[in-house]
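Reviewing the structure listed below.
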Amino acid sequence: MTTVRVAVGSGNPCKIEAVRRAFDQIFSSDDVKIVISSHSVPSGVADQPFGDEETRQGAKNRALAAYNAACSEAKESNHLEDMPDFAVGLEGGLEKVVHEEDEELWCMAWMAIVGSNSTTCASAKAEDDEFCAVDGESKSLSWGYAKTGSFLLPPALCDLVLNKNMELGHADDVVFRRVNSKHGSGTVGVLTKGEIDRTEYYVHALKLALIPWIRPQLYFDSSAS
(Lines give C-alpha, C1' and ligand atoms only; values in the text may rest on other atoms or scores of the structure.)
Protein backbone atom coordinates (compact mmCIF):
# COMPACT_ATOMS: atom_id res chain seq x y z
CA MET A 1 0.00 0.00 0.00
CA THR A 2 1.38 3.39 -1.07
CA THR A 3 0.47 6.31 1.19
CA VAL A 4 0.32 9.72 -0.47
CA ARG A 5 0.42 12.52 2.09
CA VAL A 6 -1.08 15.83 1.03
CA ALA A 7 -0.85 19.05 3.04
CA VAL A 8 -3.60 21.57 2.28
CA GLY A 9 -3.02 25.25 2.98
CA SER A 10 -6.47 25.86 4.39
CA GLY A 11 -8.85 24.86 7.13
CA ASN A 12 -11.85 25.39 4.87
CA PRO A 13 -13.80 22.10 4.63
CA CYS A 14 -14.84 22.80 1.01
CA LYS A 15 -11.22 23.13 -0.08
CA ILE A 16 -10.08 20.11 1.91
CA GLU A 17 -12.82 17.93 0.42
CA ALA A 18 -12.00 19.18 -3.10
CA VAL A 19 -8.36 18.17 -2.65
CA ARG A 20 -9.40 14.78 -1.30
CA ARG A 21 -11.69 14.10 -4.26
CA ALA A 22 -9.17 15.22 -6.86
CA PHE A 23 -6.32 13.14 -5.45
CA ASP A 24 -8.57 10.11 -4.89
CA GLN A 25 -9.63 10.22 -8.54
CA ILE A 26 -6.19 10.89 -10.05
CA PHE A 27 -4.45 8.32 -7.82
CA SER A 28 -7.23 5.84 -8.52
CA SER A 29 -5.87 2.57 -7.21
CA ASP A 30 -6.71 0.13 -4.44
CA ASP A 31 -3.00 0.20 -3.61
CA VAL A 32 -2.92 3.95 -2.90
CA LYS A 33 -4.15 5.67 0.25
CA ILE A 34 -4.55 9.46 0.33
CA VAL A 35 -3.89 11.09 3.72
CA ILE A 36 -4.85 14.77 4.04
CA SER A 37 -3.58 17.24 6.62
CA SER A 38 -4.92 20.80 6.86
CA HIS A 39 -2.89 23.86 7.79
CA SER A 40 -4.34 27.34 8.28
CA VAL A 41 -1.65 29.43 6.65
CA PRO A 42 -1.59 32.98 5.27
CA SER A 43 -1.89 33.69 1.56
CA GLY A 44 0.56 36.58 1.61
CA VAL A 45 -1.74 38.57 -0.67
CA ALA A 46 -4.80 40.78 -0.10
CA ASP A 47 -7.84 39.23 1.57
CA GLN A 48 -9.62 39.77 -1.73
CA PRO A 49 -7.13 39.17 -4.54
CA PHE A 50 -7.68 40.70 -7.97
CA GLY A 51 -6.30 39.37 -11.21
CA ASP A 52 -4.44 36.22 -12.19
CA GLU A 53 -1.01 37.23 -10.92
CA GLU A 54 -2.05 38.06 -7.36
CA THR A 55 -4.46 35.14 -7.07
CA ARG A 56 -1.96 32.61 -8.41
CA GLN A 57 0.70 33.97 -6.04
CA GLY A 58 -1.69 33.55 -3.13
CA ALA A 59 -2.26 29.91 -4.06
CA LYS A 60 1.48 29.30 -4.38
CA ASN A 61 2.18 30.97 -1.03
CA ARG A 62 -0.43 28.80 0.68
CA ALA A 63 0.95 25.61 -0.86
CA LEU A 64 4.52 26.38 0.16
CA ALA A 65 3.49 27.43 3.67
CA ALA A 66 1.46 24.23 4.08
CA TYR A 67 4.41 22.15 2.86
CA ASN A 68 6.77 23.81 5.33
CA ALA A 69 4.26 23.49 8.18
CA ALA A 70 3.71 19.78 7.50
CA CYS A 71 7.47 19.17 7.29
CA SER A 72 8.04 20.99 10.59
CA GLU A 73 5.30 19.00 12.33
CA ALA A 74 6.74 15.70 11.10
CA LYS A 75 10.24 16.61 12.26
CA GLU A 76 9.13 17.95 15.64
CA SER A 77 7.15 14.77 16.35
CA ASN A 78 10.02 12.64 15.04
CA HIS A 79 7.67 10.97 12.56
CA LEU A 80 9.58 11.51 9.34
CA GLU A 81 7.30 9.05 7.59
CA ASP A 82 4.62 11.78 7.85
CA MET A 83 6.58 14.19 5.65
CA PRO A 84 4.27 15.49 2.90
CA ASP A 85 4.49 14.24 -0.67
CA PHE A 86 2.39 17.11 -1.97
CA ALA A 87 1.09 20.44 -0.71
CA VAL A 88 -1.82 22.33 -2.19
CA GLY A 89 -2.89 25.97 -2.17
CA LEU A 90 -6.27 27.16 -3.42
CA GLU A 91 -6.98 30.87 -3.80
CA GLY A 92 -10.17 32.52 -4.98
CA GLY A 93 -9.91 35.79 -6.86
CA LEU A 94 -11.76 38.30 -8.99
CA GLU A 95 -11.07 39.77 -12.41
CA LYS A 96 -12.14 43.29 -13.32
CA VAL A 97 -13.34 43.62 -16.91
CA VAL A 98 -14.61 46.79 -18.57
CA HIS A 99 -17.30 45.91 -21.09
CA GLU A 100 -19.22 48.59 -22.98
CA GLU A 101 -18.20 51.16 -20.36
CA ASP A 102 -19.48 48.99 -17.50
CA GLU A 103 -17.09 47.47 -14.96
CA GLU A 104 -17.74 43.78 -14.46
CA LEU A 105 -16.41 41.34 -11.91
CA TRP A 106 -15.66 37.75 -12.86
CA CYS A 107 -15.07 35.11 -10.21
CA MET A 108 -12.27 32.53 -10.56
CA ALA A 109 -9.70 30.64 -8.49
CA TRP A 110 -6.15 29.41 -8.88
CA MET A 111 -4.72 26.07 -7.74
CA ALA A 112 -1.04 25.53 -6.92
CA ILE A 113 0.42 22.11 -6.15
CA VAL A 114 3.99 21.41 -5.10
CA GLY A 115 5.32 17.87 -5.17
CA SER A 116 8.44 15.93 -6.06
CA ASN A 117 9.69 13.53 -8.70
CA SER A 118 9.63 10.69 -6.18
CA THR A 119 8.17 7.24 -6.70
CA THR A 120 5.21 8.09 -4.48
CA CYS A 121 4.32 11.28 -6.36
CA ALA A 122 4.85 9.61 -9.72
CA SER A 123 2.46 6.80 -8.82
CA ALA A 124 -0.24 8.89 -10.51
CA LYS A 125 1.50 8.66 -13.88
CA ALA A 126 -0.26 7.33 -16.96
CA GLU A 127 0.39 3.71 -17.88
CA ASP A 128 2.26 4.67 -21.06
CA ASP A 129 4.47 7.25 -19.32
CA GLU A 130 8.07 6.00 -19.02
CA PHE A 131 9.27 8.48 -16.42
CA CYS A 132 11.85 7.10 -13.97
CA ALA A 133 11.18 8.37 -10.47
CA VAL A 134 13.95 9.58 -8.17
CA ASP A 135 13.98 8.97 -4.43
CA GLY A 136 16.21 9.95 -1.54
CA GLU A 137 18.23 13.14 -1.54
CA SER A 138 18.21 13.33 -5.33
CA LYS A 139 14.50 14.11 -5.55
CA SER A 140 13.47 17.68 -6.32
CA LEU A 141 10.31 19.75 -5.93
CA SER A 142 8.18 20.82 -8.89
CA TRP A 143 5.00 22.85 -9.35
CA GLY A 144 1.68 22.38 -11.05
CA TYR A 145 -0.86 25.17 -11.60
CA ALA A 146 -4.36 25.50 -12.97
CA LYS A 147 -7.21 27.97 -13.01
CA THR A 148 -10.92 27.30 -12.62
CA GLY A 149 -13.53 28.45 -15.08
CA SER A 150 -14.75 31.99 -14.47
CA PHE A 151 -18.26 33.40 -14.18
CA LEU A 152 -19.81 36.86 -14.11
CA LEU A 153 -20.99 38.16 -10.75
CA PRO A 154 -24.37 39.92 -10.50
CA PRO A 155 -24.45 43.74 -10.01
CA ALA A 156 -25.44 43.54 -6.33
CA LEU A 157 -22.28 41.59 -5.48
CA CYS A 158 -20.12 43.80 -7.70
CA ASP A 159 -21.36 46.92 -5.92
CA LEU A 160 -20.49 45.61 -2.46
CA VAL A 161 -17.04 44.42 -3.54
CA LEU A 162 -16.07 47.45 -5.62
CA ASN A 163 -17.78 50.25 -3.67
CA LYS A 164 -17.94 48.87 -0.12
CA ASN A 165 -14.58 47.05 -0.22
CA MET A 166 -16.14 43.76 0.90
CA GLU A 167 -14.62 40.36 0.28
CA LEU A 168 -16.77 38.28 -2.03
CA GLY A 169 -17.65 35.83 0.76
CA HIS A 170 -18.95 38.62 2.99
CA ALA A 171 -20.83 40.23 0.10
CA ASP A 172 -22.41 36.86 -0.65
CA ASP A 173 -23.62 36.58 2.95
CA VAL A 174 -25.23 40.03 2.71
CA VAL A 175 -26.92 39.59 -0.67
CA PHE A 176 -28.16 36.04 -0.12
CA ARG A 177 -28.73 36.41 3.65
CA ARG A 178 -26.44 33.56 4.57
CA VAL A 179 -23.74 32.96 7.17
CA ASN A 180 -20.17 31.92 6.31
CA SER A 181 -21.16 30.89 2.78
CA LYS A 182 -17.55 30.38 1.72
CA HIS A 183 -17.42 27.33 4.00
CA GLY A 184 -20.54 26.00 2.29
CA SER A 185 -21.67 25.95 -1.32
CA GLY A 186 -20.05 29.31 -2.07
CA THR A 187 -21.21 31.96 -4.51
CA VAL A 188 -21.02 29.50 -7.40
CA GLY A 189 -23.37 27.19 -5.51
CA VAL A 190 -26.15 29.70 -4.93
CA LEU A 191 -25.88 31.15 -8.44
CA THR A 192 -26.16 27.71 -10.09
CA LYS A 193 -28.90 26.56 -7.65
CA GLY A 194 -26.54 23.89 -6.38
CA GLU A 195 -25.60 22.38 -9.74
CA ILE A 196 -21.96 23.35 -9.08
CA ASP A 197 -20.97 23.82 -5.46
CA ARG A 198 -17.68 25.28 -4.30
CA THR A 199 -16.06 21.89 -3.79
CA GLU A 200 -16.93 20.64 -7.27
CA TYR A 201 -15.83 23.97 -8.74
CA TYR A 202 -12.31 23.35 -7.41
CA VAL A 203 -12.01 19.63 -8.21
CA HIS A 204 -11.74 20.06 -11.98
CA ALA A 205 -8.95 22.64 -11.68
CA LEU A 206 -7.09 20.55 -9.10
CA LYS A 207 -7.01 17.62 -11.51
CA LEU A 208 -5.56 19.92 -14.18
CA ALA A 209 -2.91 21.12 -11.72
CA LEU A 210 -1.89 17.47 -11.24
CA ILE A 211 -1.13 16.97 -14.95
CA PRO A 212 2.67 17.20 -14.42
CA TRP A 213 2.48 14.08 -12.23
CA ILE A 214 0.19 12.30 -14.68
CA ARG A 215 2.66 12.96 -17.50
CA PRO A 216 5.96 13.41 -15.60
CA GLN A 217 8.08 12.33 -18.55
CA LEU A 218 6.93 15.40 -20.43
CA TYR A 219 7.22 17.83 -17.51
CA PHE A 220 10.13 16.56 -15.38
CA ASP A 221 12.32 14.48 -17.69
CA SER A 222 14.84 16.80 -19.40
CA SER A 223 15.63 14.06 -21.93
CA ALA A 224 12.01 13.89 -23.15
CA SER A 225 11.62 15.23 -26.67
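Each chain in the C-alpha coordinates gets a letter, A, B and so on, in the order shown; residues start at 1 in every chain, and ligands are counted from 1 in the order they appear.
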Skip Ser118 of chain A itself and residues of its chain fewer than 4 positions away, then list as a short mmCIF file (atom, residue, chain, number, x, y, z; two decimals) with all heavy atoms, in the first residue's frame all residues within 10 Å of it, counting only C-alpha atoms.
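Dumped to result.cif:
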data_model
loop_
_atom_site.label_atom_id
_atom_site.label_comp_id
_atom_site.auth_asym_id
_atom_site.auth_seq_id
_atom_site.Cartn_x
_atom_site.Cartn_y
_atom_site.Cartn_z
N ASP A 85 4.09 14.49 0.72
CA ASP A 85 4.49 14.24 -0.67
C ASP A 85 4.08 15.40 -1.56
O ASP A 85 4.78 15.76 -2.51
CB ASP A 85 3.86 12.94 -1.16
CG ASP A 85 4.27 11.75 -0.31
OD1 ASP A 85 5.46 11.42 -0.31
OD2 ASP A 85 3.40 11.16 0.36
N ALA A 122 4.99 10.07 -8.33
CA ALA A 122 4.85 9.61 -9.72
C ALA A 122 3.92 8.41 -9.85
O ALA A 122 3.67 7.94 -10.96
CB ALA A 122 6.22 9.27 -10.29
N SER A 123 3.38 7.94 -8.74
CA SER A 123 2.46 6.80 -8.82
C SER A 123 1.14 7.16 -9.50
O SER A 123 0.33 6.29 -9.79
CB SER A 123 2.20 6.22 -7.43
OG SER A 123 1.60 7.17 -6.57
N CYS A 132 11.15 7.84 -15.03
CA CYS A 132 11.85 7.10 -13.97
C CYS A 132 11.93 7.99 -12.73
O CYS A 132 12.59 9.03 -12.74
CB CYS A 132 13.25 6.71 -14.41
SG CYS A 132 13.27 5.50 -15.76
N ALA A 133 11.23 7.58 -11.69
CA ALA A 133 11.18 8.37 -10.47
C ALA A 133 12.53 8.39 -9.76
O ALA A 133 13.37 7.51 -9.96
CB ALA A 133 10.11 7.82 -9.55
N VAL A 134 12.70 9.41 -8.93
CA VAL A 134 13.95 9.58 -8.17
C VAL A 134 13.59 9.69 -6.69
O VAL A 134 12.73 10.47 -6.31
CB VAL A 134 14.71 10.85 -8.61
CG1 VAL A 134 15.96 11.03 -7.78
CG2 VAL A 134 15.04 10.77 -10.08
N ASP A 135 14.25 8.92 -5.86
CA ASP A 135 13.98 8.97 -4.43
C ASP A 135 15.23 9.39 -3.67
O ASP A 135 16.30 9.58 -4.25
CB ASP A 135 13.49 7.61 -3.93
CG ASP A 135 12.10 7.28 -4.43
OD1 ASP A 135 11.21 8.13 -4.29
OD2 ASP A 135 11.91 6.18 -4.99
N GLY A 136 15.07 9.56 -2.36
CA GLY A 136 16.21 9.95 -1.54
C GLY A 136 16.56 11.41 -1.71
O GLY A 136 15.72 12.24 -2.07
N SER A 138 18.15 12.86 -3.94
CA SER A 138 18.21 13.33 -5.33
C SER A 138 16.87 13.89 -5.82
O SER A 138 16.81 14.53 -6.86
CB SER A 138 18.65 12.19 -6.25
OG SER A 138 19.94 11.75 -5.92
N LYS A 139 15.80 13.63 -5.07
CA LYS A 139 14.50 14.11 -5.55
C LYS A 139 14.41 15.62 -5.43
O LYS A 139 15.06 16.24 -4.58
CB LYS A 139 13.36 13.44 -4.78
CG LYS A 139 13.23 13.84 -3.33
CD LYS A 139 12.06 13.10 -2.68
CE LYS A 139 11.86 13.54 -1.23
NZ LYS A 139 10.74 12.82 -0.59
N SER A 140 13.62 16.23 -6.30
CA SER A 140 13.47 17.68 -6.32
C SER A 140 12.00 18.06 -6.38
O SER A 140 11.16 17.28 -6.82
CB SER A 140 14.22 18.28 -7.52
OG SER A 140 13.72 17.74 -8.73
N LEU A 141 11.68 19.28 -5.94
CA LEU A 141 10.31 19.75 -5.93
C LEU A 141 9.94 20.40 -7.26
O LEU A 141 10.76 21.06 -7.90
CB LEU A 141 10.09 20.74 -4.79
CG LEU A 141 10.22 20.18 -3.37
CD1 LEU A 141 10.00 21.30 -2.35
CD2 LEU A 141 9.21 19.06 -3.14
N TRP A 213 2.20 15.38 -12.85
CA TRP A 213 2.48 14.08 -12.23
C TRP A 213 1.74 12.94 -12.94
O TRP A 213 2.03 11.79 -12.69
CB TRP A 213 2.11 14.13 -10.75
CG TRP A 213 3.06 15.01 -10.00
CD1 TRP A 213 4.29 14.68 -9.50
CD2 TRP A 213 2.89 16.41 -9.73
NE1 TRP A 213 4.88 15.78 -8.92
CE2 TRP A 213 4.05 16.85 -9.04
CE3 TRP A 213 1.87 17.34 -9.99
CZ2 TRP A 213 4.22 18.18 -8.62
CZ3 TRP A 213 2.03 18.65 -9.57
CH2 TRP A 213 3.19 19.06 -8.89
#
Please run DSSP on the backbone and report, as an MDAnalysis selection string, all residues within segment 67-122 of chain A that come out as helix (DSSP H, G or I). chainID A and resid 67:76 80:82 121:122
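Straight-line separation from atom CA of Val6 of chain A to atom CA of Val114 of chain A: 9.7 Å.
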Excluding same-chain residues fewer than 6 positions from Phe50 of chain A, what lies within 7 Å of it counting only C-alpha atoms, as an MDAnalysis selection string? chainID A and resid 93:95
Rounded to one decimal, what separation in Å do you get between atom CA of Ala87 of chain A and atom CA of Thr55 of chain A? 17.0 Å
Which of these residues is nearest to Thr199 of chain A, using only C-alpha atoms: A:Glu53, A:Ile16, A:Ser116, A:Ala7?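 Closest to Thr199 of chain A of all the choices is A:Ile16.
Interatomic distance, atom CA of Cys158 of chain A to atom CA of Ala171 of chain A: 8.6 Å.
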Taking the DSSP secondary structure from the backbone, can you list the residues of segment 24-220 of chain A that are strand (DSSP E), as a count of residues only? 45
Given only C-alpha atoms as the basis, pick out the residue of A:Gly149, A:Ala74, A:Ala63, A:Glu103 nearest to Asn163 of chain A. A:Glu103
With the cut-off set at 9 Å and counting only C-alpha atoms, tabulate each residue of segment 70-177 of chain A with an atom at most that distance from an atom of segment 8-11 of chain A, showing the nearest atom pair and its distance in Å to one decimal, ordered by chain and increasing number, as a Markdown table.
| residue | atom | partner | partner_atom | distance |
| --- | --- | --- | --- | --- |
| A:Phe86 | CA | A:Val8 | CA | 8.6 |
| A:Ala87 | CA | A:Val8 | CA | 5.7 |
| A:Val88 | CA | A:Val8 | CA | 4.9 |
| A:Gly89 | CA | A:Gly9 | CA | 5.2 |
| A:Leu90 | CA | A:Gly9 | CA | 7.4 |
